[in-house]
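Listing of my_file-v3.txt, compact mmCIF, C-alpha atoms and all ligand atoms
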# COMPACT_ATOMS: atom_id res chain seq x y z
CA MET T 6 156.25 151.07 78.67
CA SER T 7 153.88 149.50 76.21
CA ASP T 8 150.23 150.27 75.71
CA ASP T 9 149.46 146.64 76.54
CA ILE T 10 150.45 147.16 80.13
CA ALA T 11 148.36 150.31 80.26
CA GLN T 12 145.34 148.52 78.83
CA ASP T 13 145.70 145.73 81.35
CA THR T 14 145.65 148.16 84.21
CA THR T 15 142.66 147.43 86.33
CA VAL T 16 141.77 149.15 89.55
CA ILE T 17 139.00 148.20 91.91
CA LEU T 18 137.42 151.10 93.74
CA ARG T 19 136.09 149.61 96.96
CA ILE T 20 133.54 152.07 98.29
CA HIS T 21 132.21 151.98 101.82
CA ARG T 22 128.53 152.60 101.47
CA PHE T 23 125.79 153.47 103.92
CA THR T 24 122.08 153.65 103.26
CA PRO T 25 120.19 155.22 106.17
CA LYS T 26 116.91 153.69 107.22
CA PRO T 27 114.00 155.94 106.39
CA GLU T 28 112.95 157.91 109.44
CA THR T 29 109.64 156.76 110.87
CA LYS T 30 107.55 158.19 113.66
CA ARG T 31 108.99 155.52 115.91
CA THR T 32 112.65 156.19 115.09
CA ARG T 33 112.38 159.99 114.96
CA ARG T 34 114.36 161.67 117.73
CA ARG T 35 112.30 162.77 120.68
CA PRO T 36 112.81 166.34 121.87
CA SER T 37 115.86 166.17 124.10
CA SER T 38 115.44 166.21 127.84
CA PRO T 39 116.69 169.37 129.57
CA PHE T 40 118.73 167.05 131.80
CA GLY T 41 119.93 164.83 128.94
CA ASN T 42 123.05 166.58 127.74
CA LYS T 43 124.87 167.22 130.99
CA SER T 44 128.19 167.98 129.36
CA ARG T 45 126.70 170.98 127.53
CA ASN T 46 127.23 173.34 130.46
CA SER T 47 130.75 172.22 131.24
CA ASN T 48 131.92 171.93 127.65
CA PRO T 49 131.68 175.21 125.74
CA PHE T 50 132.44 173.39 122.50
CA ALA T 51 129.72 170.75 122.87
CA SER T 52 127.46 170.92 119.88
CA SER T 53 123.83 171.93 120.01
CA HIS T 54 123.44 169.17 117.37
CA PRO T 55 123.98 165.97 119.35
CA GLN T 56 125.93 163.26 117.53
CA ARG T 57 123.50 161.59 115.18
CA GLY T 58 122.99 157.90 115.68
CA ILE T 59 121.61 157.17 112.24
CA LYS T 60 120.70 153.55 111.67
CA GLY T 61 121.05 151.96 108.31
CA ASN T 62 122.66 149.42 106.08
CA ARG T 63 126.48 149.41 105.80
CA PHE T 64 128.24 147.50 103.06
CA THR T 65 131.17 147.78 100.68
CA GLN T 66 130.75 147.79 96.93
CA ASP T 67 133.45 147.19 94.34
CA TYR T 68 133.61 148.99 91.00
CA THR T 69 136.21 147.85 88.48
CA ILE T 70 137.71 150.70 86.48
CA GLN T 71 140.44 151.22 83.92
CA PRO T 72 141.64 154.70 84.75
CA ARG T 73 143.12 157.19 82.34
CA SER T 74 146.33 158.99 83.11
CA GLY T 75 145.85 161.81 85.57
CA GLN T 76 142.33 160.80 86.51
CA THR T 77 141.34 161.57 90.06
CA VAL T 78 139.23 159.40 92.31
CA LEU T 79 136.52 162.06 91.97
CA ASP T 80 136.59 161.67 88.15
CA CYS T 81 136.07 157.92 88.57
CA LEU T 82 133.21 158.35 91.05
CA LEU T 83 131.52 160.81 88.68
CA SER T 84 131.83 158.28 85.81
CA ILE T 85 130.39 155.54 87.97
CA LYS T 86 127.52 157.72 89.13
CA ARG T 87 126.76 159.05 85.66
CA ASP T 88 126.96 155.78 83.72
CA TYR T 89 126.45 152.89 86.12
CA ASP T 90 125.18 153.61 89.58
CA PRO T 91 123.23 156.81 90.23
CA THR T 92 122.64 155.76 93.84
CA LEU T 93 126.28 156.32 94.80
CA ALA T 94 126.42 159.40 97.07
CA PHE T 95 129.42 161.69 97.57
CA ARG T 96 129.91 165.42 97.97
CA TYR T 97 132.03 167.80 95.90
CA SER T 98 131.80 171.29 94.52
CA CYS T 99 134.82 173.03 92.99
CA GLY T 100 136.70 169.96 91.77
CA HIS T 101 140.00 171.79 92.25
CA GLY T 102 140.99 171.54 95.92
CA VAL T 103 139.48 174.89 96.87
CA CYS T 104 136.11 174.31 98.56
CA GLY T 105 137.06 171.46 100.92
CA SER T 106 133.70 169.71 100.56
CA ASP T 107 134.93 166.31 99.34
CA ALA T 108 137.17 165.05 102.13
CA VAL T 109 137.12 161.24 102.47
CA SER T 110 139.47 158.51 103.55
CA ILE T 111 141.41 156.80 100.74
CA ASN T 112 143.31 153.69 101.75
CA GLY T 113 143.01 154.86 105.34
CA THR T 114 144.39 158.34 104.68
CA PRO T 115 142.09 161.39 104.90
CA THR T 116 142.34 163.36 101.66
CA LEU T 117 140.31 165.24 99.04
CA LEU T 118 138.64 163.22 96.29
CA CYS T 119 139.37 165.86 93.67
CA THR T 120 143.14 165.93 94.20
CA ALA T 121 143.66 162.19 94.75
CA LYS T 122 145.18 160.79 91.56
CA VAL T 123 144.19 157.16 90.99
CA GLU T 124 147.67 156.24 89.76
CA ASP T 125 149.29 157.54 92.95
CA TYR T 126 147.12 155.41 95.19
CA ALA T 127 147.34 152.36 92.94
CA LYS T 128 151.11 152.74 92.54
CA SER T 129 151.71 152.84 96.25
CA GLN T 130 150.20 149.38 96.62
CA VAL T 131 152.36 147.51 94.10
CA GLN T 132 155.76 148.66 95.30
CA PRO T 133 156.98 146.04 97.80
CA SER T 134 158.55 148.65 100.06
CA ASN T 135 155.21 150.42 100.38
CA ALA T 136 152.89 147.46 100.34
CA GLY T 137 150.34 147.76 103.09
CA ASN T 138 151.55 151.22 103.99
CA VAL T 139 150.04 154.00 101.99
CA ASP T 140 151.24 156.93 103.98
CA GLU T 141 153.59 157.05 106.91
CA GLY T 142 151.75 156.94 110.17
CA PHE T 143 148.52 155.53 108.77
CA ARG T 144 147.39 151.96 108.84
CA HIS T 145 146.38 150.47 105.50
CA THR T 146 142.95 148.94 105.74
CA GLY T 147 142.54 147.61 102.21
CA ASN T 148 142.77 144.08 100.87
CA ILE T 149 145.40 143.90 98.13
CA THR T 150 145.26 140.17 97.50
CA GLY T 151 143.62 140.74 94.13
CA THR T 152 140.77 138.34 94.77
CA ALA T 153 138.12 140.95 94.46
CA ILE T 154 137.67 140.64 90.70
CA SER T 155 136.10 137.22 91.10
CA ASP T 156 134.08 138.49 94.07
CA ASN T 157 133.03 141.45 92.06
CA SER T 158 130.19 139.86 90.17
CA SER T 159 128.14 143.05 90.07
CA ALA T 160 131.10 145.35 89.35
CA SER T 161 130.75 147.98 86.70
CA GLN T 162 133.36 148.38 83.97
CA VAL T 163 134.11 152.04 83.43
CA GLY T 164 136.91 154.03 81.89
CA ASN T 165 138.39 154.19 78.42
CA THR T 166 141.21 151.74 77.84
CA GLU T 167 142.26 153.48 74.61
CA GLN T 168 143.17 156.57 76.58
CA ALA T 169 144.90 154.75 79.41
CA GLY T 170 148.25 156.38 78.50
CA ASP T 171 150.58 156.91 81.41
CA VAL T 172 148.63 154.76 83.80
CA ASN T 173 151.19 152.06 82.95
CA ARG T 174 153.19 153.70 85.73
CA ILE T 175 150.94 151.72 88.03
CA GLU T 176 152.96 148.67 86.84
CA SER T 177 150.36 146.17 87.88
CA HIS T 178 148.78 143.25 86.07
CA LEU T 179 146.74 142.33 89.09
CA PRO T 180 143.78 144.44 90.02
CA THR T 181 144.73 146.99 92.62
CA ILE T 182 142.22 147.89 95.26
CA ILE T 183 141.68 151.48 96.31
CA GLU T 184 139.45 151.71 99.34
CA VAL T 185 137.34 154.82 99.68
CA ALA T 186 135.54 155.42 102.97
CA PRO T 187 133.84 158.39 104.63
CA LEU T 188 136.03 160.84 106.55
CA PRO T 189 136.75 159.31 109.98
CA GLY T 190 135.57 161.10 113.11
CA PHE T 191 132.33 162.39 111.55
CA PRO T 192 128.84 160.86 111.57
CA VAL T 193 128.00 159.34 108.18
CA LEU T 194 124.83 160.57 106.51
CA ARG T 195 124.96 158.47 103.33
CA ASP T 196 127.79 156.61 101.54
CA LEU T 197 130.76 159.04 101.49
CA ILE T 198 128.84 162.05 102.82
CA VAL T 199 129.45 162.98 106.44
CA ASP T 200 127.80 165.49 108.73
CA ILE T 201 130.14 168.46 109.23
CA ASP T 202 127.67 170.60 111.22
CA ARG T 203 129.50 170.02 114.49
CA MET T 204 132.85 171.11 113.05
CA MET T 205 131.36 174.23 111.47
CA GLU T 206 129.61 175.13 114.71
CA GLN T 207 132.84 174.73 116.69
CA ILE T 208 134.67 176.97 114.22
CA ALA T 209 131.90 179.58 114.42
CA ARG T 210 131.93 179.59 118.25
CA LEU T 211 135.54 180.77 118.23
CA GLN T 212 134.61 183.94 116.30
CA PRO T 213 136.52 183.41 113.06
CA HIS T 214 136.34 187.04 112.01
CA LEU T 215 138.54 190.05 112.46
CA GLU T 216 137.87 192.35 115.40
CA ALA T 217 140.10 195.19 114.32
CA ASP T 218 141.81 197.40 116.86
CA GLY T 219 140.16 200.54 115.52
CA LYS T 220 143.36 202.22 114.34
CA LEU T 221 142.23 203.31 110.94
CA ALA T 222 144.69 203.66 108.10
CA LYS T 223 145.17 207.03 106.43
CA THR T 224 145.28 207.76 102.74
CA SER T 225 148.25 209.63 101.20
CA ASP T 226 146.44 212.95 101.63
CA GLY T 227 145.86 212.33 105.34
CA LYS T 228 142.24 211.23 105.22
CA ILE T 229 141.01 208.13 107.01
CA ASP T 230 141.01 205.15 104.69
CA MET T 231 137.90 203.26 105.75
CA PHE T 232 138.70 200.25 103.63
CA GLU T 233 142.26 199.43 104.52
CA TYR T 234 144.06 198.40 107.65
CA LEU T 235 147.72 198.70 106.86
CA GLN T 236 150.05 195.91 107.81
CA HIS T 237 153.73 195.25 107.39
CA PRO T 238 154.50 192.25 105.09
CA GLU T 239 156.18 190.55 108.06
CA GLU T 240 152.93 190.81 110.03
CA LEU T 241 150.98 189.36 107.11
CA LYS T 242 153.38 186.42 106.92
CA ARG T 243 152.44 185.34 110.45
CA TYR T 244 148.92 184.33 109.43
CA GLU T 245 148.76 184.37 105.62
CA LEU T 246 149.07 180.60 105.20
CA LEU T 247 146.54 179.99 107.99
CA SER T 248 143.97 182.09 106.15
CA ASN T 249 144.07 179.51 103.33
CA CYS T 250 142.30 176.90 105.48
CA ILE T 251 139.26 175.57 103.61
CA SER T 252 137.64 173.84 106.61
CA CYS T 253 137.81 170.50 104.85
CA GLY T 254 138.09 168.57 108.12
CA ILE T 255 141.02 166.42 106.98
CA CYS T 256 143.04 167.42 110.04
CA GLU T 257 140.08 166.50 112.25
CA GLY T 258 139.65 163.16 110.47
CA SER T 259 143.35 162.45 111.05
CA CYS T 260 143.27 163.41 114.72
CA PRO T 261 142.85 160.47 117.11
CA VAL T 262 141.64 162.84 119.84
CA TYR T 263 138.94 164.62 117.81
CA ALA T 264 136.80 161.55 117.04
CA GLY T 265 133.47 163.31 116.78
CA GLY T 266 134.40 166.49 118.61
CA GLU T 267 132.77 165.65 121.95
CA ALA T 268 135.97 166.04 123.96
CA PHE T 269 138.07 168.28 121.73
CA VAL T 270 137.20 171.39 119.75
CA GLY T 271 139.46 170.05 117.01
CA PRO T 272 142.35 171.34 114.93
CA ALA T 273 140.25 173.07 112.25
CA ALA T 274 138.64 175.40 114.79
CA LEU T 275 142.01 176.00 116.44
CA VAL T 276 143.63 176.85 113.09
CA ALA T 277 140.86 179.43 112.59
CA THR T 278 141.64 180.84 116.05
CA SER T 279 145.37 180.89 115.35
CA ARG T 280 144.75 182.83 112.15
CA PHE T 281 143.29 185.74 114.17
CA VAL T 282 145.57 185.37 117.19
CA ASN T 283 148.47 185.97 114.81
CA ASP T 284 146.85 188.92 113.06
CA SER T 285 148.36 192.16 114.39
CA ARG T 286 145.12 194.04 113.62
CA ASP T 287 142.95 191.89 115.86
CA ARG T 288 142.15 193.19 119.34
CA LEU T 289 140.69 189.97 120.81
CA THR T 290 143.94 188.05 121.18
CA GLY T 291 143.57 187.66 124.95
CA GLU T 292 139.92 186.59 124.76
CA ARG T 293 140.69 184.14 121.98
CA LEU T 294 143.51 182.52 123.94
CA GLU T 295 141.33 182.32 127.06
CA ALA T 296 138.49 180.74 125.06
CA ILE T 297 140.68 177.82 123.99
CA ALA T 298 142.52 177.38 127.30
CA THR T 299 140.05 174.71 128.42
CA ASP T 300 140.13 170.95 128.84
CA ASP T 301 138.20 170.64 125.59
CA GLY T 302 140.26 173.29 123.84
CA ILE T 303 143.98 173.31 123.11
CA ILE T 304 144.68 171.44 126.35
CA ALA T 305 143.10 168.31 124.83
CA CYS T 306 145.69 168.32 122.02
CA GLN T 307 148.13 165.46 122.60
CA SER T 308 150.66 166.64 119.97
CA VAL T 309 150.24 163.49 117.91
CA ARG T 310 150.74 165.66 114.80
CA ALA T 311 148.78 163.34 112.52
CA CYS T 312 146.86 166.50 111.58
CA SER T 313 149.88 167.93 109.74
CA ARG T 314 150.44 165.15 107.27
CA LYS T 315 147.77 165.73 104.69
CA CYS T 316 146.53 169.30 105.00
CA PRO T 317 145.68 170.16 101.37
CA ARG T 318 146.60 173.81 101.95
CA GLY T 319 150.07 173.00 103.25
CA ILE T 320 149.40 174.15 106.80
CA ASP T 321 151.56 172.44 109.39
CA VAL T 322 148.59 171.98 111.68
CA GLY T 323 150.53 170.15 114.40
CA GLU T 324 153.06 172.98 114.59
CA GLU T 325 150.21 175.51 114.84
CA MET T 326 148.73 173.52 117.73
CA TRP T 327 152.12 173.62 119.45
CA GLN T 328 152.48 177.37 118.88
CA LEU T 329 148.98 177.96 120.24
CA THR T 330 149.80 175.91 123.33
CA GLU T 331 152.86 178.09 123.94
CA GLN T 332 150.87 181.29 123.34
CA VAL T 333 148.19 180.17 125.82
CA LYS T 334 150.89 179.39 128.42
CA SER T 335 152.56 182.78 127.95
CA HIS T 336 149.20 184.54 128.19
CA GLN T 337 148.46 182.78 131.49
CA VAL T 338 151.77 183.76 133.12
S1 LIG T 401 143.93 173.10 108.51
FE1 LIG T 401 144.19 172.06 106.53
S2 LIG T 401 143.35 170.00 106.89
FE2 LIG T 401 142.59 171.28 108.57
S3 LIG T 401 140.56 172.02 107.90
FE3 LIG T 401 142.09 173.58 107.29
S4 LIG T 401 142.67 173.06 105.19
FE4 LIG T 401 141.64 171.23 106.05
S1 LIG T 402 135.67 169.48 95.24
FE1 LIG T 402 136.29 171.34 96.19
S2 LIG T 402 138.06 170.77 97.30
FE2 LIG T 402 137.56 168.96 96.20
Target encoding structure tokens, full file:
Amino acid sequence: MSDDIAQDTTVILRIHRFTPKPETKRTRRRPSSPFGNKSRNSNPFASSHPQRGIKGNRFTQDYTIQPRSGQTVLDCLLSIKRDYDPTLAFRYSCGHGVCGSDAVSINGTPTLLCTAKVEDYAKSQVQPSNAGNVDEGFRHTGNITGTAISDNSSASQVGNTEQAGDVNRIESHLPTIIEVAPLPGFPVLRDLIVDIDRMMEQIARLQPHLEADGKLAKTSDGKIDMFEYLQHPEELKRYELLSNCISCGICEGSCPVYAGGEAFVGPAALVATSRFVNDSRDRLTGERLEAIATDDGIIACQSVRACSRKCPRGIDVGEEMWQLTEQVKSHQV
């Protein structure tokens, strides 16, 4: 592939933006009525933070970039923010797929900004067999007609064409559009930043910590080892992968039932429960299974399995939901 093709490679990042209206005395939330949130008593997972109805200005903004090989969407957003548009708001921390703070929707698929390679998303749009279908099971919402360059009068040119390198794998002479939107199912606070308070509260309500059974391990000389609870490697295997969950919310954003968490505690909280249900040291297995055996708990799961497709930690979330359902049934017998 020649450098010419690489230098011609143009990608339009189409960002869904949201600017909240400043809060005034008039728009500020009144203290809630004691009779207002009726579902609170019947739904143990209902949040004490009611869904925010933030008003503001929604629009999409295009930024034209010439990405370097291996660049992630996060790299591009950082370049845009640093050099062209400091008002662009997004969240990230580790930059390496560990903290889970930068989940968004790219071309309709929930994913992490820091692990989403631009060339992968651009490439998937120019192959005829994939056109309009970025990932199986997800609807593509972007416009790939290539008209945006002329529409993009205020677009910023970023990137270094001299270092474009392997981006020629994108194989496109037309601008490719990559659409970046906030994570679905969560209230948007600003641009790509969503409010995850509800999800974190639901996880916390299910006691995501070990309640050990009190059988203390002994050291080699027979003394109680206060710092170790021994486990067979086979027992560790049952929950080890689950303990890698980073609470990114991608499974919740993929789940058609979660949609804000009013009617379903959501797969992230259930994965946290499953992690301890499967831990042989934990003594709350029965209580944990009873806590999720509600209409708003595991019973609300419809086994769509969209939650499994993009978990960045490789957890088969749909399978875990199924296993939990079976464990709840067995516990009830
Ligand atoms: S199970 Fe996977 S997708 Fe869901 S919150 Fe945990 S890491 Fe994210
Ligand atoms: S920035 Fe931490 S996971 Fe992406």
Show me the residues close to (143.7, 192.0, 112.1) - anything with an atom within 6 Å, counting all atoms listed in the file - and format the list as JSON, numbers by chain.
{"T": [215, 217, 284, 285, 286, 287]}
12 Å from ligand LIG 402 (chain T) is the threshold here; counting only C-alpha atoms and all ligand atoms, which polymer residues fall inside it? Answer as a PyMOL selection string.
chain T and resi 77-80+83+95-109+116-121+250-255+316-318
Within 9 Å of T:Ser308, counting only C-alpha atoms, which residues qualify if same-chain residues fewer than 6 places away don't, as a ChimeraX atom specification?
/T:323-324,326-327
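Atom CA of T:His21 is positioned 4.5 Å from atom CA of T:Thr65.
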For ligand LIG 401 (chain T), the closest of T:Glu292, T:Glu331, T:Asp321, T:Glu267 counting all atoms listed in the file is T:Asp321
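Closest approach to T:Ile304 from the set T:Leu289, T:Val282, T:Ala268, T:Val193 is made by T:Ala268, with distances taken over only C-alpha atoms.
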Within 7 Å of stretch 275-279 of chain T using only C-alpha atoms, minus same-chain residues under 6 positions, as an NGL selection string
:T and (208 or 211 or 213 or 247 or 293 or 325 or 329)
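Relative to atom CA of T:Thr24, atom CA of T:Ala273 is found at 28.1 Å.
With distances taken over all atoms listed in the file, T:Cys256 is the one residue among T:Cys256, T:Leu246, T:Ile229, T:Ala311 lying closest to ligand LIG 401 (chain T).
Distances here use only C-alpha atoms and all ligand atoms; by that measure, the residue among T:Glu124, T:Glu184, T:Glu257, T:Glu206 closest to ligand LIG 401 (chain T) is T:Glu257.
Note that atom CA of T:Thr15 and atom CA of T:Cys81 are 12.6 Å apart.
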Take every atom of ligand LIG 401 (chain T) listed in the file, fit an axis-aligned box around them, add 8 Å per side, and give the centre and edge lengths in Å to one decimal as lines of an AutoDock Vina configuration file.
center_x = 142.4
center_y = 171.8
center_z = 106.9
size_x = 19.6
size_y = 19.6
size_z = 19.4
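Proximity of T:Pro115, T:Gly190, T:Pro261, T:Pro238 to ligand LIG 401 (chain T), computed with only C-alpha atoms and all ligand atoms, is greatest for T:Pro115.
Candidate residues T:Gly258, T:Gly265, T:Gly291, T:Gly75 were compared for distance to ligand LIG 401 (chain T), and the nearest is T:Gly258, using only C-alpha atoms and all ligand atoms.
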List the spatial neighbours of T:Arg243 as a PyMOL selection string - criterion: any atom at most 7 Å away, only C-alpha atoms, same-chain residues fewer than 3 positions off excluded.
chain T and resi 239-240+283
For stretch 276-303 of chain T, where the input has fewer atoms than it should, I would like N, CA and C atoms rebuilt and written as a compact mmCIF listing (two decimals), in the coordinates of the input.
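Once everything was written out, this is rebuild-v6.txt:
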# COMPACT_ATOMS: atom_id res chain seq x y z
N VAL T 276 142.91 176.16 114.18
CA VAL T 276 143.63 176.85 113.09
C VAL T 276 142.94 178.18 112.80
N ALA T 277 141.60 178.18 112.82
CA ALA T 277 140.86 179.43 112.59
C ALA T 277 141.17 180.44 113.70
N THR T 278 141.28 179.95 114.94
CA THR T 278 141.64 180.84 116.05
C THR T 278 143.05 181.39 115.86
N SER T 279 143.97 180.49 115.51
CA SER T 279 145.37 180.89 115.35
C SER T 279 145.51 181.97 114.27
N ARG T 280 144.67 181.85 113.23
CA ARG T 280 144.75 182.83 112.15
C ARG T 280 144.52 184.26 112.69
N PHE T 281 143.58 184.40 113.64
CA PHE T 281 143.29 185.74 114.17
C PHE T 281 144.20 186.11 115.34
N VAL T 282 144.62 185.11 116.10
CA VAL T 282 145.57 185.37 117.19
C VAL T 282 146.86 185.96 116.61
N ASN T 283 147.22 185.52 115.43
CA ASN T 283 148.47 185.97 114.81
C ASN T 283 148.31 187.19 113.91
N ASP T 284 147.11 187.74 113.90
CA ASP T 284 146.85 188.92 113.06
C ASP T 284 147.04 190.17 113.92
N SER T 285 148.02 190.99 113.56
CA SER T 285 148.36 192.16 114.39
C SER T 285 147.20 193.15 114.49
N ARG T 286 146.23 193.08 113.59
CA ARG T 286 145.12 194.04 113.62
C ARG T 286 144.05 193.65 114.61
N ASP T 287 144.05 192.39 115.04
CA ASP T 287 142.95 191.89 115.86
C ASP T 287 143.14 192.31 117.32
N ARG T 288 142.03 192.71 117.95
CA ARG T 288 142.15 193.19 119.34
C ARG T 288 141.63 192.17 120.35
N LEU T 289 141.26 190.97 119.89
CA LEU T 289 140.69 189.97 120.81
C LEU T 289 141.68 188.86 121.16
N THR T 290 142.97 189.13 120.98
CA THR T 290 143.94 188.05 121.18
C THR T 290 143.78 187.40 122.56
N GLY T 291 143.68 188.21 123.59
CA GLY T 291 143.57 187.66 124.95
C GLY T 291 142.33 186.81 125.10
N GLU T 292 141.18 187.35 124.65
CA GLU T 292 139.92 186.59 124.76
C GLU T 292 139.99 185.29 123.97
N ARG T 293 140.61 185.35 122.82
CA ARG T 293 140.69 184.14 121.98
C ARG T 293 141.54 183.08 122.68
N LEU T 294 142.65 183.49 123.26
CA LEU T 294 143.51 182.52 123.94
C LEU T 294 142.81 181.95 125.17
N GLU T 295 142.07 182.81 125.88
CA GLU T 295 141.33 182.32 127.06
C GLU T 295 140.22 181.34 126.65
N ALA T 296 139.60 181.61 125.50
CA ALA T 296 138.49 180.74 125.06
C ALA T 296 138.95 179.32 124.76
N ILE T 297 140.22 179.18 124.34
CA ILE T 297 140.68 177.82 123.99
C ILE T 297 141.50 177.18 125.11
N ALA T 298 141.72 177.93 126.19
CA ALA T 298 142.52 177.38 127.30
C ALA T 298 141.63 176.55 128.23
N THR T 299 140.96 175.56 127.66
CA THR T 299 140.05 174.71 128.42
C THR T 299 140.43 173.25 128.18
N ASP T 300 139.85 172.38 129.01
CA ASP T 300 140.13 170.95 128.84
C ASP T 300 139.72 170.44 127.47
N ASP T 301 138.69 171.07 126.91
CA ASP T 301 138.20 170.64 125.59
C ASP T 301 138.80 171.47 124.48
N GLY T 302 139.62 172.44 124.84
CA GLY T 302 140.26 173.29 123.84
C GLY T 302 141.66 172.78 123.54
N ILE T 303 142.62 173.69 123.51
CA ILE T 303 143.98 173.31 123.11
C ILE T 303 144.61 172.33 124.11
